[in-house]
Every structure is written in structure tokens, then in C-alpha cells.
>>> print(open('entry-v1.tsv').read())   # TSV, C-alpha atoms and all ligand atoms
chain	number	residue	atom	x	y	z
N	1	MET	CA	0.00	0.00	0.00
N	2	VAL	CA	2.73	2.45	1.13
N	3	ARG	CA	4.89	1.37	-1.76
N	4	GLY	CA	2.01	2.01	-4.15
N	5	TRP	CA	1.54	5.51	-2.73
N	6	LEU	CA	5.24	6.23	-2.91
N	7	ALA	CA	5.36	5.06	-6.48
N	8	ALA	CA	2.41	7.34	-7.35
N	9	VAL	CA	4.15	10.36	-5.78
N	10	VAL	CA	7.42	9.62	-7.55
N	11	LEU	CA	5.59	9.13	-10.84
N	12	SER	CA	3.62	12.38	-10.48
N	13	LEU	CA	6.81	14.24	-9.66
N	14	LEU	CA	8.42	12.82	-12.74
N	15	VAL	CA	5.47	13.84	-14.85
N	16	ILE	CA	4.78	17.31	-13.48
N	17	ALA	CA	8.18	18.41	-12.28
N	18	PRO	CA	9.67	20.68	-14.92
N	19	ARG	CA	12.56	18.92	-16.58
N	20	PRO	CA	15.80	20.73	-15.98
N	21	THR	CA	16.71	22.45	-19.21
N	22	LEU	CA	20.13	21.18	-20.09
N	23	ALA	CA	22.47	23.37	-22.01
N	24	ALA	CA	23.10	21.97	-25.47
N	25	ASP	CA	26.67	21.18	-24.45
N	26	GLU	CA	25.44	18.97	-21.63
N	27	THR	CA	23.20	17.00	-23.99
N	28	GLY	CA	26.10	16.57	-26.35
N	29	GLU	CA	24.07	17.99	-29.23
N	30	SER	CA	26.24	20.99	-29.73
N	31	ALA	CA	29.39	18.83	-29.75
N	32	ASP	CA	27.77	16.47	-32.27
N	33	ARG	CA	26.70	19.41	-34.42
N	34	ALA	CA	30.21	20.85	-34.41
N	35	PHE	CA	31.67	17.44	-35.28
N	36	ILE	CA	29.25	16.97	-38.19
N	37	MET	CA	29.55	20.49	-39.56
N	38	GLY	CA	33.33	20.23	-39.60
N	39	LEU	CA	33.41	16.71	-41.03
N	40	PRO	CA	34.86	16.96	-44.56
N	41	LYS	CA	32.34	15.47	-46.95
N	42	ALA	CA	31.14	15.37	-50.54
N	43	GLU	CA	27.56	16.19	-51.51
N	44	LEU	CA	26.52	14.06	-54.46
N	45	HIS	CA	22.78	14.43	-54.71
N	46	VAL	CA	21.52	17.98	-54.74
N	47	HIS	CA	19.53	19.75	-57.46
N	48	LEU	CA	20.77	23.21	-58.38
N	49	GLU	CA	17.18	24.36	-58.88
N	50	GLY	CA	16.08	22.87	-55.56
N	51	THR	CA	18.74	24.80	-53.66
N	52	MET	CA	16.97	28.08	-54.48
N	53	GLU	CA	15.78	29.66	-51.24
N	54	PRO	CA	12.47	31.61	-51.29
N	55	GLU	CA	14.32	34.89	-50.67
N	56	LEU	CA	16.46	34.43	-53.77
N	57	TYR	CA	13.42	33.31	-55.76
N	58	LEU	CA	11.68	36.62	-55.00
N	59	GLU	CA	14.83	38.62	-55.70
N	60	MET	CA	15.20	37.03	-59.16
N	61	ALA	CA	11.50	37.51	-59.95
N	62	ARG	CA	11.90	41.21	-59.05
N	63	ARG	CA	15.05	41.85	-61.02
N	64	ASN	CA	13.80	39.93	-64.07
N	65	GLY	CA	10.42	41.67	-64.01
N	66	ILE	CA	8.55	38.38	-63.66
N	67	ALA	CA	5.12	38.55	-62.06
N	68	THR	CA	4.78	36.21	-59.10
N	69	ARG	CA	1.80	35.43	-56.91
N	70	TYR	CA	3.98	35.37	-53.81
N	71	ALA	CA	4.63	38.59	-51.95
N	72	THR	CA	6.91	37.25	-49.21
N	73	PRO	CA	9.27	34.33	-48.62
N	74	GLU	CA	6.69	33.00	-46.17
N	75	ASP	CA	4.13	32.88	-49.02
N	76	VAL	CA	6.55	30.72	-51.02
N	77	ARG	CA	7.14	28.46	-48.03
N	78	SER	CA	3.41	28.19	-47.53
N	79	ARG	CA	3.00	27.09	-51.17
N	80	LEU	CA	5.77	24.54	-50.66
N	81	ARG	CA	3.68	23.09	-47.82
N	82	ASP	CA	1.34	21.74	-50.53
N	83	ALA	CA	4.08	19.31	-51.56
N	84	ASN	CA	3.81	15.96	-49.86
N	85	ASP	CA	4.99	13.57	-52.53
N	86	LEU	CA	7.25	13.52	-55.57
N	87	SER	CA	4.73	14.70	-58.17
N	88	SER	CA	3.23	17.48	-56.08
N	89	PHE	CA	6.74	18.64	-55.21
N	90	ILE	CA	7.90	18.65	-58.85
N	91	GLN	CA	4.87	20.67	-59.87
N	92	ILE	CA	5.89	23.47	-57.49
N	93	TYR	CA	9.60	23.04	-58.29
N	94	GLU	CA	8.92	23.57	-62.02
N	95	GLU	CA	6.81	26.63	-61.24
N	96	LEU	CA	9.46	28.26	-59.02
N	97	VAL	CA	12.31	27.51	-61.44
N	98	GLY	CA	10.57	29.84	-63.93
N	99	VAL	CA	12.28	32.93	-62.47
N	100	MET	CA	15.78	31.75	-63.45
N	101	GLN	CA	16.59	33.63	-66.64
N	102	THR	CA	20.06	35.10	-66.81
N	103	GLU	CA	23.61	33.88	-66.45
N	104	ARG	CA	23.74	35.87	-63.22
N	105	ASP	CA	20.71	33.97	-61.87
N	106	PHE	CA	22.35	30.58	-62.37
N	107	HIS	CA	25.59	31.88	-60.92
N	108	ASP	CA	23.87	33.33	-57.86
N	109	VAL	CA	21.80	30.24	-57.09
N	110	ALA	CA	24.84	27.98	-57.41
N	111	LEU	CA	27.16	30.21	-55.39
N	112	ALA	CA	24.60	30.68	-52.60
N	113	TYR	CA	24.38	26.89	-52.37
N	114	PHE	CA	28.16	26.44	-52.39
N	115	ARG	CA	28.55	28.94	-49.53
N	116	LYS	CA	25.93	27.18	-47.47
N	117	ALA	CA	27.34	23.74	-48.26
N	118	ARG	CA	30.88	24.79	-47.40
N	119	SER	CA	29.68	26.10	-44.02
N	120	GLN	CA	28.49	22.55	-43.34
N	121	GLY	CA	31.71	20.78	-44.23
N	122	VAL	CA	31.19	20.11	-47.95
N	123	VAL	CA	34.51	20.25	-49.79
N	124	HIS	CA	33.35	18.63	-53.03
N	125	ALA	CA	29.92	18.85	-54.68
N	126	GLU	CA	28.43	17.13	-57.71
N	127	VAL	CA	25.29	19.07	-58.49
N	128	TYR	CA	22.35	17.97	-60.60
N	129	VAL	CA	21.02	20.46	-63.14
N	130	ASP	CA	17.94	20.17	-65.40
N	131	PRO	CA	18.78	21.98	-68.71
N	132	GLN	CA	15.56	20.87	-70.41
N	133	LEU	CA	13.51	22.81	-67.86
N	134	HIS	CA	15.39	25.99	-68.72
N	135	GLN	CA	15.51	25.43	-72.49
N	136	ALA	CA	11.72	25.12	-72.42
N	137	ARG	CA	11.60	28.78	-71.32
N	138	GLY	CA	14.04	29.87	-74.02
N	139	VAL	CA	17.14	29.97	-71.81
N	140	SER	CA	20.22	28.95	-73.80
N	141	LEU	CA	22.74	26.40	-72.63
N	142	ALA	CA	25.43	29.08	-72.89
N	143	THR	CA	23.52	31.18	-70.35
N	144	LEU	CA	22.96	28.26	-68.01
N	145	TYR	CA	26.44	26.72	-68.20
N	146	GLY	CA	28.12	30.14	-68.31
N	147	GLY	CA	26.60	30.98	-64.92
N	148	LEU	CA	27.52	27.59	-63.47
N	149	ALA	CA	31.11	27.81	-64.72
N	150	ARG	CA	31.55	31.20	-63.06
N	151	ALA	CA	30.02	29.97	-59.81
N	152	ARG	CA	32.35	26.99	-59.90
N	153	GLU	CA	35.38	29.25	-60.25
N	154	ASP	CA	34.16	31.49	-57.44
N	155	ALA	CA	33.53	28.49	-55.18
N	156	SER	CA	37.03	27.24	-55.79
N	157	ARG	CA	38.66	30.62	-55.20
N	158	GLU	CA	36.50	31.90	-52.35
N	159	LEU	CA	35.69	28.67	-50.53
N	160	GLY	CA	38.18	26.05	-51.64
N	161	LEU	CA	35.15	23.97	-52.67
N	162	ASP	CA	35.43	21.84	-55.77
N	163	ALA	CA	32.20	21.67	-57.79
N	164	ARG	CA	31.08	19.71	-60.83
N	165	PHE	CA	27.69	19.26	-62.47
N	166	ILE	CA	25.51	16.35	-63.49
N	167	LEU	CA	23.42	16.88	-66.62
N	168	SER	CA	20.05	15.47	-65.75
N	169	PHE	CA	17.48	14.31	-68.27
N	170	LEU	CA	13.80	14.57	-67.38
N	171	ARG	CA	12.36	11.08	-67.00
N	172	ASP	CA	8.87	12.19	-67.97
N	173	ARG	CA	9.92	13.72	-71.31
N	174	PRO	CA	10.84	12.01	-74.59
N	175	ALA	CA	14.26	10.38	-74.89
N	176	ASP	CA	15.07	12.24	-78.11
N	177	GLN	CA	14.94	15.52	-76.16
N	178	ALA	CA	17.51	14.02	-73.80
N	179	ALA	CA	19.68	12.89	-76.71
N	180	GLN	CA	19.54	16.39	-78.18
N	181	VAL	CA	20.50	18.22	-74.99
N	182	LEU	CA	23.38	15.80	-74.50
N	183	GLU	CA	24.79	16.62	-77.95
N	184	GLU	CA	24.22	20.35	-77.47
N	185	SER	CA	26.10	20.18	-74.15
N	186	ARG	CA	29.26	18.74	-75.69
N	187	PRO	CA	31.34	21.92	-75.36
N	188	TRP	CA	30.89	21.76	-71.58
N	189	LEU	CA	31.37	18.03	-71.07
N	190	GLY	CA	34.45	17.04	-69.12
N	191	SER	CA	35.46	19.78	-66.75
N	192	LEU	CA	32.06	21.35	-65.97
N	193	ILE	CA	29.74	18.39	-66.56
N	194	ILE	CA	31.11	15.06	-65.49
N	195	GLY	CA	28.07	12.82	-65.60
N	196	VAL	CA	24.45	12.33	-66.55
N	197	GLY	CA	21.41	11.49	-64.45
N	198	LEU	CA	17.63	11.15	-64.59
N	199	ASP	CA	15.15	12.99	-62.40
N	200	ASN	CA	11.59	14.45	-62.33
N	201	PRO	CA	8.54	12.20	-61.80
N	202	GLU	CA	9.27	8.49	-61.90
N	203	VAL	CA	7.25	7.26	-64.84
N	204	ASP	CA	6.78	3.61	-65.71
N	205	ASP	CA	9.68	1.78	-67.31
N	206	PHE	CA	11.74	4.94	-67.64
N	207	PRO	CA	15.13	3.18	-67.75
N	208	ALA	CA	14.38	1.30	-70.97
N	209	LYS	CA	13.47	4.57	-72.67
N	210	PHE	CA	16.90	6.08	-71.99
N	211	GLN	CA	19.12	3.12	-72.85
N	212	ALA	CA	20.51	4.60	-76.08
N	213	VAL	CA	21.13	8.02	-74.48
N	214	TYR	CA	23.07	6.39	-71.66
N	215	ALA	CA	25.11	4.35	-74.10
N	216	ARG	CA	26.01	7.58	-75.87
N	217	ALA	CA	26.87	9.33	-72.59
N	218	ARG	CA	29.18	6.44	-71.71
N	219	GLU	CA	30.79	6.71	-75.14
N	220	LEU	CA	31.41	10.41	-74.42
N	221	GLY	CA	33.29	9.46	-71.25
N	222	LEU	CA	30.63	10.60	-68.80
N	223	HIS	CA	29.75	9.04	-65.47
N	224	LEU	CA	26.26	7.59	-65.05
N	225	THR	CA	23.70	7.85	-62.28
N	226	SER	CA	19.90	7.85	-62.07
N	227	HIS	CA	17.22	8.62	-59.53
N	228	CYS	CA	15.14	5.79	-58.15
N	229	ASP	CA	13.01	7.78	-55.76
N	230	VAL	CA	11.70	6.32	-52.52
N	231	ASP	CA	8.64	4.03	-52.59
N	232	GLN	CA	7.64	4.73	-56.18
N	233	PRO	CA	5.51	2.21	-58.12
N	234	ASN	CA	7.65	-0.65	-59.51
N	235	THR	CA	10.59	0.54	-57.48
N	236	VAL	CA	12.42	-2.80	-57.33
N	237	ALA	CA	12.10	-3.27	-61.10
N	238	HIS	CA	13.37	0.27	-61.68
N	239	HIS	CA	16.42	-0.34	-59.49
N	240	TRP	CA	17.25	-3.49	-61.46
N	241	SER	CA	16.75	-1.73	-64.79
N	242	VAL	CA	18.95	1.27	-64.04
N	243	ILE	CA	21.69	-1.20	-63.11
N	244	LYS	CA	21.23	-3.68	-65.94
N	245	LEU	CA	20.01	-1.47	-68.80
N	246	LEU	CA	21.72	1.83	-68.03
N	247	GLY	CA	24.84	0.59	-66.21
N	248	VAL	CA	24.71	3.26	-63.49
N	249	GLU	CA	27.54	3.74	-61.01
N	250	ARG	CA	25.25	5.39	-58.48
N	251	ILE	CA	21.55	5.44	-57.69
N	252	ASP	CA	20.06	8.64	-56.30
N	253	HIS	CA	17.95	7.80	-53.24
N	254	GLY	CA	18.15	4.04	-53.80
N	255	LEU	CA	16.78	3.25	-50.35
N	256	ASN	CA	14.39	0.63	-51.75
N	257	VAL	CA	17.37	-1.58	-52.52
N	258	LEU	CA	16.41	-2.96	-49.12
N	259	ASN	CA	13.20	-4.40	-50.61
N	260	ASP	CA	15.09	-7.15	-52.42
N	261	PRO	CA	17.95	-9.16	-50.89
N	262	ALA	CA	19.26	-10.03	-54.37
N	263	LEU	CA	19.42	-6.33	-55.18
N	264	VAL	CA	21.39	-5.69	-51.99
N	265	GLU	CA	23.93	-8.28	-53.14
N	266	GLU	CA	24.10	-6.89	-56.69
N	267	VAL	CA	24.63	-3.34	-55.43
N	268	ARG	CA	27.35	-4.60	-53.10
N	269	ARG	CA	29.02	-6.66	-55.83
N	270	ARG	CA	29.08	-3.75	-58.29
N	271	LYS	CA	30.03	-1.22	-55.57
N	272	ILE	CA	27.15	1.03	-56.59
N	273	GLY	CA	26.81	4.22	-54.56
N	274	LEU	CA	23.44	5.08	-53.00
N	275	THR	CA	22.97	8.79	-52.50
N	276	GLY	CA	20.27	8.71	-49.86
N	277	ALA	CA	18.37	11.86	-49.05
N	278	ALA	CA	16.81	12.20	-45.64
N	279	THR	CA	14.91	15.28	-46.71
N	280	LEU	CA	11.78	16.74	-45.17
N	281	PHE	CA	9.04	18.61	-46.98
N	282	TYR	CA	7.74	21.80	-45.39
N	283	ALA	CA	4.56	19.90	-44.65
N	284	ASP	CA	5.11	17.51	-41.77
N	285	ILE	CA	4.82	13.88	-42.69
N	286	PRO	CA	4.99	11.94	-39.44
N	287	GLY	CA	7.55	9.15	-39.48
N	288	ARG	CA	9.28	10.30	-42.69
N	289	MET	CA	12.62	11.07	-41.08
N	290	GLU	CA	12.52	7.87	-39.01
N	291	TYR	CA	11.79	5.85	-42.14
N	292	ARG	CA	14.49	7.36	-44.34
N	293	ALA	CA	17.14	7.67	-41.66
N	294	GLY	CA	16.41	4.09	-40.58
N	295	ALA	CA	16.89	2.86	-44.15
N	296	ILE	CA	20.19	4.76	-44.46
N	297	ALA	CA	21.40	3.20	-41.20
N	298	ARG	CA	20.42	-0.30	-42.38
N	299	LEU	CA	22.23	0.16	-45.70
N	300	LEU	CA	25.28	1.36	-43.82
N	301	ASP	CA	25.11	-1.67	-41.54
N	302	LYS	CA	25.03	-3.90	-44.60
N	303	GLY	CA	28.29	-2.34	-45.72
N	304	LEU	CA	26.81	-0.62	-48.78
N	305	LEU	CA	28.19	2.67	-50.08
N	306	VAL	CA	25.37	4.89	-48.86
N	307	THR	CA	25.63	8.64	-48.20
N	308	VAL	CA	23.43	11.40	-46.78
N	309	ASN	CA	22.48	14.23	-49.15
N	310	SER	CA	20.24	17.28	-49.17
N	311	ASP	CA	18.41	16.88	-52.54
N	312	ASP	CA	16.44	20.16	-52.61
N	313	PRO	CA	17.46	22.07	-49.50
N	314	GLY	CA	16.16	25.52	-50.53
N	315	MET	CA	12.70	24.08	-51.13
N	316	LYS	CA	12.65	21.67	-48.21
N	317	ARG	CA	12.97	23.61	-44.97
N	318	SER	CA	16.52	24.88	-45.59
N	319	LEU	CA	17.98	21.64	-44.33
N	320	TYR	CA	21.48	21.25	-45.78
N	321	VAL	CA	23.64	18.17	-45.63
N	322	GLY	CA	25.10	18.79	-42.16
N	323	ASP	CA	21.66	19.53	-40.73
N	324	LEU	CA	20.41	16.28	-42.21
N	325	MET	CA	23.33	14.19	-40.98
N	326	LEU	CA	22.61	15.52	-37.51
N	327	ARG	CA	18.93	14.56	-37.84
N	328	VAL	CA	19.88	11.12	-39.10
N	329	GLN	CA	22.24	10.67	-36.19
N	330	GLN	CA	19.68	11.83	-33.64
N	331	THR	CA	16.96	9.66	-35.17
N	332	THR	CA	18.93	6.45	-35.42
N	333	GLY	CA	21.43	6.81	-32.58
N	334	MET	CA	24.38	6.51	-34.96
N	335	ASP	CA	27.72	7.20	-33.35
N	336	ARG	CA	30.60	9.22	-34.75
N	337	ALA	CA	32.17	6.20	-36.37
N	338	HIS	CA	29.01	5.78	-38.46
N	339	LEU	CA	29.10	9.44	-39.43
N	340	ALA	CA	32.74	9.10	-40.40
N	341	GLN	CA	31.81	6.12	-42.56
N	342	LEU	CA	29.13	8.19	-44.32
N	343	ALA	CA	31.76	10.84	-45.10
N	344	ARG	CA	34.24	8.18	-46.24
N	345	ASN	CA	31.56	6.75	-48.55
N	346	SER	CA	30.88	10.19	-50.04
N	347	PHE	CA	34.45	10.44	-51.27
N	348	ALA	CA	34.60	6.77	-52.27
N	349	ILE	CA	31.67	7.13	-54.69
N	350	SER	CA	32.43	10.65	-55.91
N	351	TRP	CA	33.59	11.10	-59.49
N	352	ILE	CA	36.99	12.59	-58.93
N	353	GLU	CA	40.49	11.82	-60.05
N	354	PRO	CA	42.36	9.29	-57.86
N	355	ALA	CA	44.87	11.91	-56.63
N	356	GLN	CA	42.09	14.19	-55.47
N	357	ARG	CA	40.29	11.29	-53.83
N	358	ARG	CA	43.44	10.45	-51.89
N	359	ALA	CA	43.78	14.09	-50.81
N	360	TYR	CA	40.22	14.13	-49.50
N	361	ALA	CA	40.74	10.81	-47.71
N	362	LEU	CA	43.79	12.28	-46.01
N	363	ARG	CA	41.90	15.41	-45.03
N	364	LEU	CA	39.17	13.27	-43.49
N	365	LYS	CA	41.71	11.10	-41.71
N	366	ARG	CA	43.35	14.19	-40.20
N	367	TYR	CA	40.01	15.54	-39.07
N	368	LEU	CA	39.09	12.25	-37.43
N	369	ARG	CA	42.46	12.04	-35.74
N	370	GLN	CA	41.99	15.52	-34.34
N	371	SER	CA	38.56	14.43	-33.16
N	372	ASP	CA	40.09	11.39	-31.42
N	373	LEU	CA	38.52	8.95	-33.81
N	374	ASP	CA	40.72	6.14	-34.91
N	375	LEU	CA	40.18	5.77	-38.64
N	376	ALA	CA	41.10	2.12	-38.56
N	377	LYS	CA	38.29	1.45	-36.13
N	378	ARG	CA	35.21	0.62	-38.15
N	379	PRO	CA	31.86	1.31	-36.53
N	380	ALA	CA	30.10	-1.64	-34.96
N	381	GLY	CA	27.95	-3.38	-37.52
N	382	VAL	CA	29.58	-1.62	-40.45
N	383	ARG	CA	31.95	-3.69	-42.49
U	401	LIG	N1	13.91	16.93	-59.00
U	401	LIG	C1	14.30	17.60	-57.92
U	401	LIG	N2	14.37	16.79	-56.86
U	401	LIG	C2	14.02	15.55	-57.28
U	401	LIG	C3	13.92	14.29	-56.67
U	401	LIG	N3	14.24	14.08	-55.41
U	401	LIG	N4	13.49	13.27	-57.42
U	401	LIG	C4	13.21	13.43	-58.71
U	401	LIG	N5	13.32	14.60	-59.33
U	401	LIG	C5	13.71	15.65	-58.64
U	402	ZN	ZN	16.95	14.19	-56.16
>>> encode(input="entry-v1.tsv", output="C-alpha cells", more="lines below")
Ligand code: ADE
Ligand code: ZN
Amino acid sequence: MVRGWLAAVVLSLLVIAPRPTLAADETGESADRAFIMGLPKAELHVHLEGTMEPELYLEMARRNGIATRYATPEDVRSRLRDANDLSSFIQIYEELVGVMQTERDFHDVALAYFRKARSQGVVHAEVYVDPQLHQARGVSLATLYGGLARAREDASRELGLDARFILSFLRDRPADQAAQVLEESRPWLGSLIIGVGLDNPEVDDFPAKFQAVYARARELGLHLTSHCDVDQPNTVAHHWSVIKLLGVERIDHGLNVLNDPALVEEVRRRKIGLTGAATLFYADIPGRMEYRAGAIARLLDKGLLVTVNSDDPGMKRSLYVGDLMLRVQQTTGMDRAHLAQLARNSFAISWIEPAQRRAYALRLKRYLRQSDLDLAKRPAGVR
């Protein structure tokens, strides 16, 4: 009886007593944040257009004299709250991209992203860009690539960040459009554009449609990746097809590899990189972070070459790669050795010359040594 009463008092105290507010340092969060933000890493799955913050969107609309129905950045964010899946997001993405017109616009969007990324530890970025979206509005490739080339030079000089671009074809448009933009992009292939990808809504059997374009891209010496977005219809079949028909080296998202044990083995055997994105829409979708972060942790535990990426940070709550790594860590309970492995993977699957890869590996090793993390010590459960 007395024990029951005591237990009730203790329980009520626990429930109603205000929890002491711990300083961030005491919870370890601030130390984890500092560790993650300083961790040298490569970002491999981010869309130039999706890095555009609402403030910059409005600034470009103003200076280009483009009418917009949004008066404030909050209005844009509110519109972005309508996005809760891939197609609804792409609809808004395509609408917002409409303000990008001049070489300066492409330069400014890219450089703003590079500054943000560098502040979160990114030293190398391979950035998706959708030329077909811009050509459809009459923007020339010279305007688009001219702006990106200047931003790349500025990022190198100002930030010491090395940037390259991935020419992305739109999966929901005809393959001959893709073939045409690939040929038209030839003057920029090599130093500025180092690979091709596929994005936009995931339509049925898209890999088969792009087989010839990918064969041509390979012939031109380009690297190959493709989106397989999370939980799309026929996702397992799409993962198999991008591997078998397109010969990709990486899959963007790729978390549904977990749906098929044979796929896990194939991805491991071919050392295919999986550029996971633990992104969050403005609209809250309960369980989304837990689901995606959990999948990334499981892929890491299986020894696959998975990474954390920001995808469309300007249009998804301004969460950049460091912010997302912190969320993933907090959601899954990963330790620093896991985070180090994610960074190691990002360099391992990046498309850089071997000498540069070695330099990044050394930089990471030095950082981990300074942070008292023995590089040779692999995280528990990660091969
Ligand atoms: N375009 C921009 N972000 C995308 C994503 N995550 N998937 C497909 N297309 C996109
Ligand atoms: Zn993406």
C-alpha cells in the first residue's frame, strides 16, 4: 500500500516536475553538431534548382520583371507546404524555377548553395542540373552553363570547394529531347559536366526509354547515375533496370534496394553508390525522417556505399547536408564512427580523379584524428 503511494508520488513528480533544461553542451548535441559540420564530406545528390531559397526566388522575380503570386518568402514556403509527394513537389519546383533567366541567376543560385554547403563541411559537390527545364523557357545552354562555370570558379577561389555538375534528363519527357540536350552540351562536357542522371517524376519503365542516351553518354566518357526515388511504383524493377540497362555507377535515393535481398547483393558486388536523401518537406509527414534515416542506417550496416544528401534544401525547410546528418544521427542513434563512414563513402563514390580522392581521404583522416577517432576502427555493424 505504502509502496504504491510512494510510487504514485514519484511518478507524479516525474510527470509534473519541470525537466531541468540542459544546455546543449550537456546533452552533447552541440558537440555532435560541431563534429558533423566540420566533417569533410562530398555532396553528391543535390539539385541546383532545388537549392533556391524563397528569398532568392523573390529577388530574381523582381530583377527579371517576372510577375509572381507570392509577396513574401513565407508565401513561397506556404505554397511549398502543398508538396507531400514527388509529383506534387515537382509541380511546385517547375513553377518556381521559372524565375531563373540570366547567367547571373544561375551563378547566384549555385554560389549561394556552395557557400551554405561549405559552411556545413562540404569540400566537393556534384550538383544535378535540369537543362531541359530551362531550355523550355528559351534559356540557352550558354547562359545556363556560363553561370555555373563562373560559380564553380568562385567556389574554388573563395571557398576552396570543388564543384562539378551532373546533366540530368527529365524522365517524364521524350528520350530524343535528352539525346539532343546531350549533344548540345558537348562543349561543356568534361570539366564542368562530369556525368548524366535522370530525375523528375518516376514514370513507368523509364530506364528502358533512356538506354541509347546512356550508351552515348558512356561513349562520351561521362559518369552515369539515375534517380530511383523512394517508394515509387515498380521501385524494385526500376532499381534493377537502371543497373542492368543503363549501367549506373550510383543510384540517387536508392533506399528501396532494401526491398530485395538479391538487389542488396548486386549493389554490393558492383560497388554502386546510394545517394540517400533524408529530406523533409515543409509539410510535416509523421515518421518520414525515421523511415528514411532508418533505411540509411540499415544500408550502412550492410556495408553498402550509402551517403546522406540534401536533394532540394532551398525548397525543403533549408535543411542542408550537415543539418540532415545531424537529424539522421539523432533519429537512429548513430555514433561518430558511423558518421565518419558516411563521409568516407561520399568520397569513395564521388567522381573525382584518384589523386584528389586520396587528398580528400587524407583530409578526413586528419580531421578524425583531431577528433580522437581512430580511422582504422570501423563502426560496430559496419563492415
Ligand atoms: N527533382 C528535384 N528533386 C528531385 C527528386 N528528389 N526526385 C526526382 N526529381 C527531382
Ligand atoms: Zn533528387
>>> closest_residue(input="entry-v1.tsv", among="N:Ala212, N:Val306, N:Ile349, N:Ile92", to="ligand LIG 401 (chain U)", atoms="all atoms listed in the file")
N:Ile92
>>> residues_around(input="entry-v1.tsv", residues="stretch 219-226 of chain N", least_positions_apart="5", cutoff="6 Å", atoms="all atoms listed in the file", output="list in words")
Ile194, Gly195, Val196, Gly197, Leu198, Val248, Glu249, Arg250, Ile251 and Asp252 of chain N
>>> residues_around(input="entry-v1.tsv", residues="N:Met37", least_positions_apart="5", cutoff="7 Å", atoms="all atoms listed in the file", output="ChimeraX atom specification")
/N:120-121,322
>>> write_last_selection(input="entry-v1.tsv", atoms="C-alpha atoms", output="compact mmCIF listing (two decimals), in the coordinates of the input")
# COMPACT_ATOMS: atom_id res chain seq x y z
CA GLN N 120 28.49 22.55 -43.34
CA GLY N 121 31.71 20.78 -44.23
CA GLY N 322 25.10 18.79 -42.16
>>> residues_near_ligand(input="entry-v1.tsv", ligand="ligand ZN 402 (chain U)", cutoff="8 Å", atoms="all atoms listed in the file", output="list of chain:residue names")
N:His45, N:Val46, N:His47, N:Tyr128, N:Asp199, N:His227, N:Asp229, N:Asp252, N:His253, N:Ala277, N:Asp311, N:Asp312
>>> atom_distance(input="entry-v1.tsv", atom1="atom N4 of ligand LIG 401 (chain U)", atom2="atom CA of N:Arg270")
23.1 Å
>>> residues_around(input="entry-v1.tsv", residues="stretch 74-88 of chain N", least_positions_apart="6", cutoff="8 Å", atoms="all atoms listed in the file", output="compact mmCIF listing (two decimals) with C-alpha atoms, in the frame of the given file")
# COMPACT_ATOMS: atom_id res chain seq x y z
CA PRO N 54 12.47 31.61 -51.29
CA PRO N 201 8.54 12.20 -61.80
CA PHE N 281 9.04 18.61 -46.98
CA TYR N 282 7.74 21.80 -45.39
CA ALA N 283 4.56 19.90 -44.65
CA ILE N 285 4.82 13.88 -42.69
CA MET N 315 12.70 24.08 -51.13
CA LYS N 316 12.65 21.67 -48.21
>>> atom_distance(input="entry-v1.tsv", atom1="atom CA of N:Arg288", atom2="atom CA of N:Leu255")
12.8 Å
>>> closest_residue(input="entry-v1.tsv", among="N:Val230, N:Ala142, N:Leu182, N:Ala61", to="ligand LIG 401 (chain U)", atoms="all atoms listed in the file")
N:Val230
>>> closest_residue(input="entry-v1.tsv", among="N:Arg115, N:Arg357, N:Arg292, N:Arg363", to="N:Val328", atoms="all atoms listed in the file")
N:Arg292
>>> atom_distance(input="entry-v1.tsv", atom1="atom CA of N:Asp372", atom2="atom CA of N:Tyr360")
18.3 Å
>>> closest_residue(input="entry-v1.tsv", among="N:Ala117, N:Asn309, N:Tyr291, N:Ala215", to="ligand LIG 401 (chain U)", atoms="only C-alpha atoms and all ligand atoms")
N:Asn309
